[in-house]
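The block underneath contains the structure these notes are about, expressed in structure tokens.
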2 protein chains.
Amino acid sequence: MTQVTPPYTALLAVDAGGTSTRSMVVDPSGRCLGYAVAGSGNPTAVGSPAAAASVAESAAEALRTADVPGGSIGLAVLAMAGQGGTTSAAAEVGRRLAELGIARPPVFDSDLLATYFSGTYRPDGYAVVAGTGAAAIRVEGGQQVAVADALGWLLGDEGSGFWIGQRVVRAVLADLDGRQPATALTPLLLQRLEVARAVGAGSRAAILAVVQRLYAAPPVRLADFAALVFEAAGDPTAEGIVRDAGDALAQTLAAVTEPSVSGPVVLGGGILSHGTALAERLARTSGAADVRTVVDGAVGAAVLTLRHAGVVLDAAGFDTLTESLGALRLVRR
Amino acid sequence: MTQVTPPYTALLAVDAGGTSTRSMVVDPSGRCLGYAVAGSGNPTAVGSPAAAASVAESAAEALRTADVPGGSIGLAVLAMAGQGGTTSAAAEVGRRLAELGIARPPVFDSDLLATYFSGTYRPDGYAVVAGTGAAAIRVEGGQQVAVADALGWLLGDEGSGFWIGQRVVRAVLADLDGRQPATALTPLLLQRLEVARAVGAGSRAAILAVVQRLYAAPPVRLADFAALVFEAAGDPTAEGIVRDAGDALAQTLAAVTEPSVSGPVVLGGGILSHGTALAERLARTSGAADVRTVVDGAVGAAVLTLRHAGVVLDAAGFDTLTESLGALRLVRR
């Protein structure tokens, strides 16, 4: 916990994600006063300057909607993959927030823990996150005490968007190639890549056109094709991929599970929050009693910010936070 | 077939591989007169200038051992992945061979077909190649008429050295992470990476040390760890990977198999020529009656070169070639 000297009017919480960044201004009771969204806040994905710009843009707009000057922000906490990543990213974010009047250097915390606290106020439990990457954590006493996977697209991230997307593309190429059975994923991917029209599906030319297109992009972009597995629901190949992804995520969760630590399992990340079939498979395989899905880490970033300021929310405070943030989100959409 | 006007004394055959390049000087009867080895001849792996230098170095030495001047070479044929790859690679190779007195531009042919003809003189049959990459071809009338897989490490190459090596590393990280059972591959890989001594196996620090080391290298280097799967023979995880690789290669072979085309199945590439367990699994799964393993594409490059010059070897000619090349190889080792 960071000592924040009262009196202060408000706190700034930032959920800096790969796709978008959410900033929240909260008061010490847990009420959300301001909310705004900007672009990617992940320094690994877009570079430190662009990530810091997204943080600053969303923070400035959240302060405006809350009608709170930057100078009255007692503490800013950012939930970010890699917990701030490089020193340069942290310095860049600090500089941009200082321009808004927030003099105190921001505190960085785990984006996985922010996902956890988006689903519960309880100090003990688990989170499984599957977006482009994948990881599971165990939380005890409000701290992230264990993590499994989170090892990136080449060596880990099993059950993630990349993992699923790569399997989708491999299954389609193996279908076109005659190495695996036909799958409903094939027309979906060819249409998505606009390959069918150009060279005719089913030929070596179609295979090579897909291969050339995909090698031209960074490998991690294969995550873009993960959603096809849900579009092709009912197809045996697609269902096999979903089943394997759910099992992989359940194994990742099992790796951090301690019999002595019971609590909710919070599911987050684009793949789990949008792929109902996958979340259901994971819930069933893990055998967890209390499984909840959250759309992002916004609520949890605010919970973490309050904790850093010495405020630990109870059930009522958590409800106040989620309801006040939810009301602002409805307006901002 | 390329028209070669007699009289000519000899032909130059080059098997340009990713690890090493082999040059052979052969006479029109199929007798091998000269042989030499140099470094990588794969333009994709080492760049066009370095690949062309390897070709030139081995060619010059083969001409010397054969005591044949470059000017009396009627035709030079190179078996090379991508069949010469870029125009720049082909031009660079041609320029270097011209410096040796071989005026006529070289002909490029398939390295997969060279593997096939290293195992048989027959015009119809199949080859399965698993080195860093993986592919299967069908040969009819001496021509490569169908290919399956060969789609690279990100999207295909199922059962290849990369595919196996990536599974080895993933299994070790999942073991260290508690996501999968313990495997004998773990101490082997940690020793290989010299990680255990530095940070202590079993900890998150060991995991991150492995991950950092491997992300620092190009992804395709994961193929370097494929051989651990044979060192760990008897380990259930290692045997599972070998089983899956054999099944994947059998499916790739099945994709090019035509019931009307029967003939030998030639296995080649570093993984199949050194991994007996894998070759046996593939042979058993495919159900092929006549399966042979070759160590490289040298003999086949010479067969292809003779075919391009209008000479089709029969069984006796093939024996002459393999025996005369084998005798030179014994000397050159």
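How things are named: the first chain in the structure tokens is A, the next is B, and so on; residues count from 1 in each chain; ligands count from 1 in the order shown.
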
* **Residues within 9 Å of Val242 (chain A), only C-alpha atoms, excluding chain neighbours under 5 positions, as a PyMOL selection string** => chain A and resi 159+164+229-230+237+247+277-278+281

* To do: May I ask you to extract the residues of chain A within 9 Å of chain B, using only C-alpha atoms, and to give them as a count of residues only?
  => 32

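Straight-line separation from CA of Ala288 (chain A) to CA of Ser110 (chain A): 23.2 Å.
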
* Per DSSP on the backbone, what are the helix (DSSP H, G or I) residues of region 73-109 of chain A, as JSON, numbers by chain? -> {"A": [81, 82, 83, 84, 87, 88, 89, 90, 91, 92, 93, 94, 95, 96, 97, 98, 99]}

Atoms to include: N, CA and C atoms. Write the selected residues as a PDB file, in the first residue's frame.
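So the final result, stored in result_18.pdb, reads:
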```
ATOM      1  N   ALA A  81      -0.178  -4.363 -18.453  1.00  0.00           N
ATOM      2  CA  ALA A  81       0.566  -5.607 -18.672  1.00  0.00           C
ATOM      3  C   ALA A  81       2.048  -5.343 -18.440  1.00  0.00           C
ATOM      4  N   GLY A  82       2.725  -6.247 -17.737  1.00  0.00           N
ATOM      5  CA  GLY A  82       4.132  -6.038 -17.421  1.00  0.00           C
ATOM      6  C   GLY A  82       4.314  -5.000 -16.327  1.00  0.00           C
ATOM      7  N   GLN A  83       3.203  -4.526 -15.760  1.00  0.00           N
ATOM      8  CA  GLN A  83       3.224  -3.565 -14.647  1.00  0.00           C
ATOM      9  C   GLN A  83       4.104  -2.353 -14.920  1.00  0.00           C
ATOM     10  N   GLY A  84       3.847  -1.745 -16.078  1.00  0.00           N
ATOM     11  CA  GLY A  84       4.575  -0.538 -16.434  1.00  0.00           C
ATOM     12  C   GLY A  84       5.672  -0.809 -17.437  1.00  0.00           C
ATOM     13  N   THR A  87      11.228   1.115 -17.986  1.00  0.00           N
ATOM     14  CA  THR A  87      11.372   2.369 -17.260  1.00  0.00           C
ATOM     15  C   THR A  87      10.944   3.535 -18.144  1.00  0.00           C
ATOM     16  N   SER A  88      11.231   3.422 -19.440  1.00  0.00           N
ATOM     17  CA  SER A  88      10.917   4.527 -20.345  1.00  0.00           C
ATOM     18  C   SER A  88       9.409   4.723 -20.447  1.00  0.00           C
ATOM     19  N   ALA A  89       8.646   3.617 -20.465  1.00  0.00           N
ATOM     20  CA  ALA A  89       7.192   3.734 -20.532  1.00  0.00           C
ATOM     21  C   ALA A  89       6.670   4.405 -19.267  1.00  0.00           C
ATOM     22  N   ALA A  90       7.172   3.982 -18.120  1.00  0.00           N
ATOM     23  CA  ALA A  90       6.729   4.555 -16.847  1.00  0.00           C
ATOM     24  C   ALA A  90       7.049   6.047 -16.783  1.00  0.00           C
ATOM     25  N   ALA A  91       8.244   6.409 -17.235  1.00  0.00           N
ATOM     26  CA  ALA A  91       8.653   7.818 -17.195  1.00  0.00           C
ATOM     27  C   ALA A  91       7.779   8.654 -18.128  1.00  0.00           C
ATOM     28  N   GLU A  92       7.491   8.083 -19.311  1.00  0.00           N
ATOM     29  CA  GLU A  92       6.681   8.797 -20.300  1.00  0.00           C
ATOM     30  C   GLU A  92       5.256   9.027 -19.760  1.00  0.00           C
ATOM     31  N   VAL A  93       4.697   7.990 -19.135  1.00  0.00           N
ATOM     32  CA  VAL A  93       3.349   8.128 -18.568  1.00  0.00           C
ATOM     33  C   VAL A  93       3.360   9.165 -17.448  1.00  0.00           C
ATOM     34  N   GLY A  94       4.379   9.110 -16.584  1.00  0.00           N
ATOM     35  CA  GLY A  94       4.478  10.064 -15.480  1.00  0.00           C
ATOM     36  C   GLY A  94       4.549  11.504 -15.971  1.00  0.00           C
ATOM     37  N   ARG A  95       5.342  11.696 -17.044  1.00  0.00           N
ATOM     38  CA  ARG A  95       5.493  13.030 -17.621  1.00  0.00           C
ATOM     39  C   ARG A  95       4.162  13.562 -18.161  1.00  0.00           C
ATOM     40  N   ARG A  96       3.427  12.670 -18.867  1.00  0.00           N
ATOM     41  CA  ARG A  96       2.134  13.097 -19.441  1.00  0.00           C
ATOM     42  C   ARG A  96       1.104  13.403 -18.363  1.00  0.00           C
ATOM     43  N   LEU A  97       1.117  12.611 -17.268  1.00  0.00           N
ATOM     44  CA  LEU A  97       0.154  12.863 -16.194  1.00  0.00           C
ATOM     45  C   LEU A  97       0.521  14.138 -15.437  1.00  0.00           C
ATOM     46  N   ALA A  98       1.824  14.412 -15.322  1.00  0.00           N
ATOM     47  CA  ALA A  98       2.257  15.647 -14.657  1.00  0.00           C
ATOM     48  C   ALA A  98       1.742  16.868 -15.420  1.00  0.00           C
ATOM     49  N   GLU A  99       1.687  16.749 -16.760  1.00  0.00           N
ATOM     50  CA  GLU A  99       1.151  17.842 -17.582  1.00  0.00           C
ATOM     51  C   GLU A  99      -0.317  18.132 -17.260  1.00  0.00           C
TER      52      GLU A  99
END
```

Query - Spatial neighbours of region 10-20 of chain A, 6 Å, only C-alpha atoms, chain gap at least 5 places, as a list in words - result: Val25, Val26, Asp27, Ala38, Gly39, Ser40, Gly41, Asn42, Ile73, Gly74, Leu75, Ala76, Val77, Leu78, Ala79, Met80, Gly297, Ala298, Ala301, Ala302 and Thr305 of chain A

Using all heavy atoms, can you export the residues from the last selection as a compact mmCIF listing (two decimals), in the first residue's frame?
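New file out06.txt:
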```
# COMPACT_ATOMS: atom_id res chain seq x y z
N VAL A 25 -12.07 8.41 -12.61
CA VAL A 25 -11.81 9.25 -11.44
C VAL A 25 -12.76 8.77 -10.35
O VAL A 25 -13.98 8.68 -10.58
CB VAL A 25 -12.06 10.74 -11.76
CG1 VAL A 25 -11.93 11.60 -10.49
CG2 VAL A 25 -11.09 11.22 -12.83
N VAL A 26 -12.21 8.38 -9.19
CA VAL A 26 -13.06 7.87 -8.10
C VAL A 26 -12.81 8.69 -6.84
O VAL A 26 -11.72 9.21 -6.62
CB VAL A 26 -12.77 6.37 -7.80
CG1 VAL A 26 -13.27 5.48 -8.92
CG2 VAL A 26 -11.29 6.13 -7.55
N ASP A 27 -13.87 8.78 -6.01
CA ASP A 27 -13.67 9.45 -4.72
C ASP A 27 -13.33 8.39 -3.67
O ASP A 27 -13.45 7.19 -3.94
CB ASP A 27 -14.87 10.33 -4.37
CG ASP A 27 -16.10 9.55 -3.94
OD1 ASP A 27 -15.97 8.34 -3.62
OD2 ASP A 27 -17.19 10.14 -3.94
N ALA A 38 -9.74 5.71 -24.36
CA ALA A 38 -8.87 6.11 -25.47
C ALA A 38 -8.29 4.83 -26.10
O ALA A 38 -8.70 3.72 -25.75
CB ALA A 38 -7.78 7.05 -24.99
N GLY A 39 -7.30 5.00 -26.98
CA GLY A 39 -6.72 3.86 -27.71
C GLY A 39 -5.80 2.99 -26.86
O GLY A 39 -5.79 3.08 -25.62
N SER A 40 -5.01 2.16 -27.51
CA SER A 40 -4.15 1.20 -26.83
C SER A 40 -3.21 1.86 -25.83
O SER A 40 -2.55 2.85 -26.13
CB SER A 40 -3.31 0.42 -27.85
OG SER A 40 -2.39 -0.42 -27.15
N GLY A 41 -3.14 1.29 -24.63
CA GLY A 41 -2.23 1.79 -23.61
C GLY A 41 -1.14 0.80 -23.27
O GLY A 41 -0.53 0.86 -22.22
N ASN A 42 -0.89 -0.14 -24.20
CA ASN A 42 0.13 -1.18 -23.97
C ASN A 42 1.43 -0.78 -24.68
O ASN A 42 1.50 -0.80 -25.91
CB ASN A 42 -0.40 -2.51 -24.51
CG ASN A 42 0.56 -3.65 -24.20
OD1 ASN A 42 1.77 -3.46 -24.16
ND2 ASN A 42 0.00 -4.83 -23.98
N ILE A 73 -5.90 15.27 -7.54
CA ILE A 73 -5.77 13.81 -7.59
C ILE A 73 -4.67 13.39 -6.62
O ILE A 73 -3.50 13.74 -6.80
CB ILE A 73 -5.44 13.33 -9.02
CG1 ILE A 73 -6.60 13.60 -9.98
CG2 ILE A 73 -5.05 11.85 -9.03
CD1 ILE A 73 -7.85 12.78 -9.72
N GLY A 74 -5.05 12.64 -5.58
CA GLY A 74 -4.09 12.24 -4.56
C GLY A 74 -3.12 11.16 -5.02
O GLY A 74 -1.99 11.07 -4.56
N LEU A 75 -3.60 10.32 -5.97
CA LEU A 75 -2.77 9.20 -6.43
C LEU A 75 -3.33 8.70 -7.75
O LEU A 75 -4.54 8.66 -7.94
CB LEU A 75 -2.81 8.05 -5.40
CG LEU A 75 -2.01 6.79 -5.73
CD1 LEU A 75 -0.51 7.07 -5.66
CD2 LEU A 75 -2.38 5.67 -4.76
N ALA A 76 -2.44 8.35 -8.66
CA ALA A 76 -2.84 7.71 -9.92
C ALA A 76 -2.24 6.31 -9.96
O ALA A 76 -1.04 6.14 -9.69
CB ALA A 76 -2.35 8.52 -11.11
N VAL A 77 -3.08 5.32 -10.25
CA VAL A 77 -2.62 3.94 -10.35
C VAL A 77 -2.98 3.40 -11.73
O VAL A 77 -4.11 3.57 -12.18
CB VAL A 77 -3.24 3.05 -9.25
CG1 VAL A 77 -2.85 1.59 -9.44
CG2 VAL A 77 -2.81 3.54 -7.86
N LEU A 78 -2.00 2.78 -12.39
CA LEU A 78 -2.22 2.20 -13.71
C LEU A 78 -2.12 0.68 -13.64
O LEU A 78 -1.09 0.16 -13.19
CB LEU A 78 -1.20 2.71 -14.72
CG LEU A 78 -1.38 4.14 -15.22
CD1 LEU A 78 -0.68 5.12 -14.29
CD2 LEU A 78 -0.89 4.27 -16.65
N ALA A 79 -3.16 0.00 -14.10
CA ALA A 79 -3.09 -1.44 -14.29
C ALA A 79 -2.63 -1.66 -15.73
O ALA A 79 -3.29 -1.23 -16.67
CB ALA A 79 -4.45 -2.08 -14.06
N MET A 80 -1.46 -2.31 -15.87
CA MET A 80 -0.83 -2.40 -17.19
C MET A 80 -0.09 -3.72 -17.30
O MET A 80 0.56 -4.15 -16.33
CB MET A 80 0.15 -1.22 -17.34
CG MET A 80 0.75 -1.07 -18.72
SD MET A 80 1.91 0.36 -18.77
CE MET A 80 0.80 1.70 -19.21
N GLY A 297 -10.85 -4.62 -17.25
CA GLY A 297 -10.28 -4.44 -15.92
C GLY A 297 -10.60 -3.09 -15.31
O GLY A 297 -9.92 -2.68 -14.35
N ALA A 298 -11.63 -2.38 -15.82
CA ALA A 298 -11.88 -1.01 -15.38
C ALA A 298 -12.25 -0.95 -13.89
O ALA A 298 -11.62 -0.21 -13.11
CB ALA A 298 -12.99 -0.38 -16.23
N ALA A 301 -9.27 -1.85 -11.75
CA ALA A 301 -8.23 -0.81 -11.69
C ALA A 301 -8.62 0.20 -10.62
O ALA A 301 -7.76 0.68 -9.86
CB ALA A 301 -8.07 -0.14 -13.05
N ALA A 302 -9.92 0.51 -10.53
CA ALA A 302 -10.39 1.45 -9.49
C ALA A 302 -10.25 0.82 -8.11
O ALA A 302 -9.82 1.49 -7.15
CB ALA A 302 -11.83 1.85 -9.77
N THR A 305 -6.66 0.99 -7.15
CA THR A 305 -6.27 2.37 -6.84
C THR A 305 -6.69 2.73 -5.42
O THR A 305 -5.90 3.29 -4.64
CB THR A 305 -6.92 3.33 -7.87
OG1 THR A 305 -6.49 2.94 -9.17
CG2 THR A 305 -6.51 4.77 -7.60
```
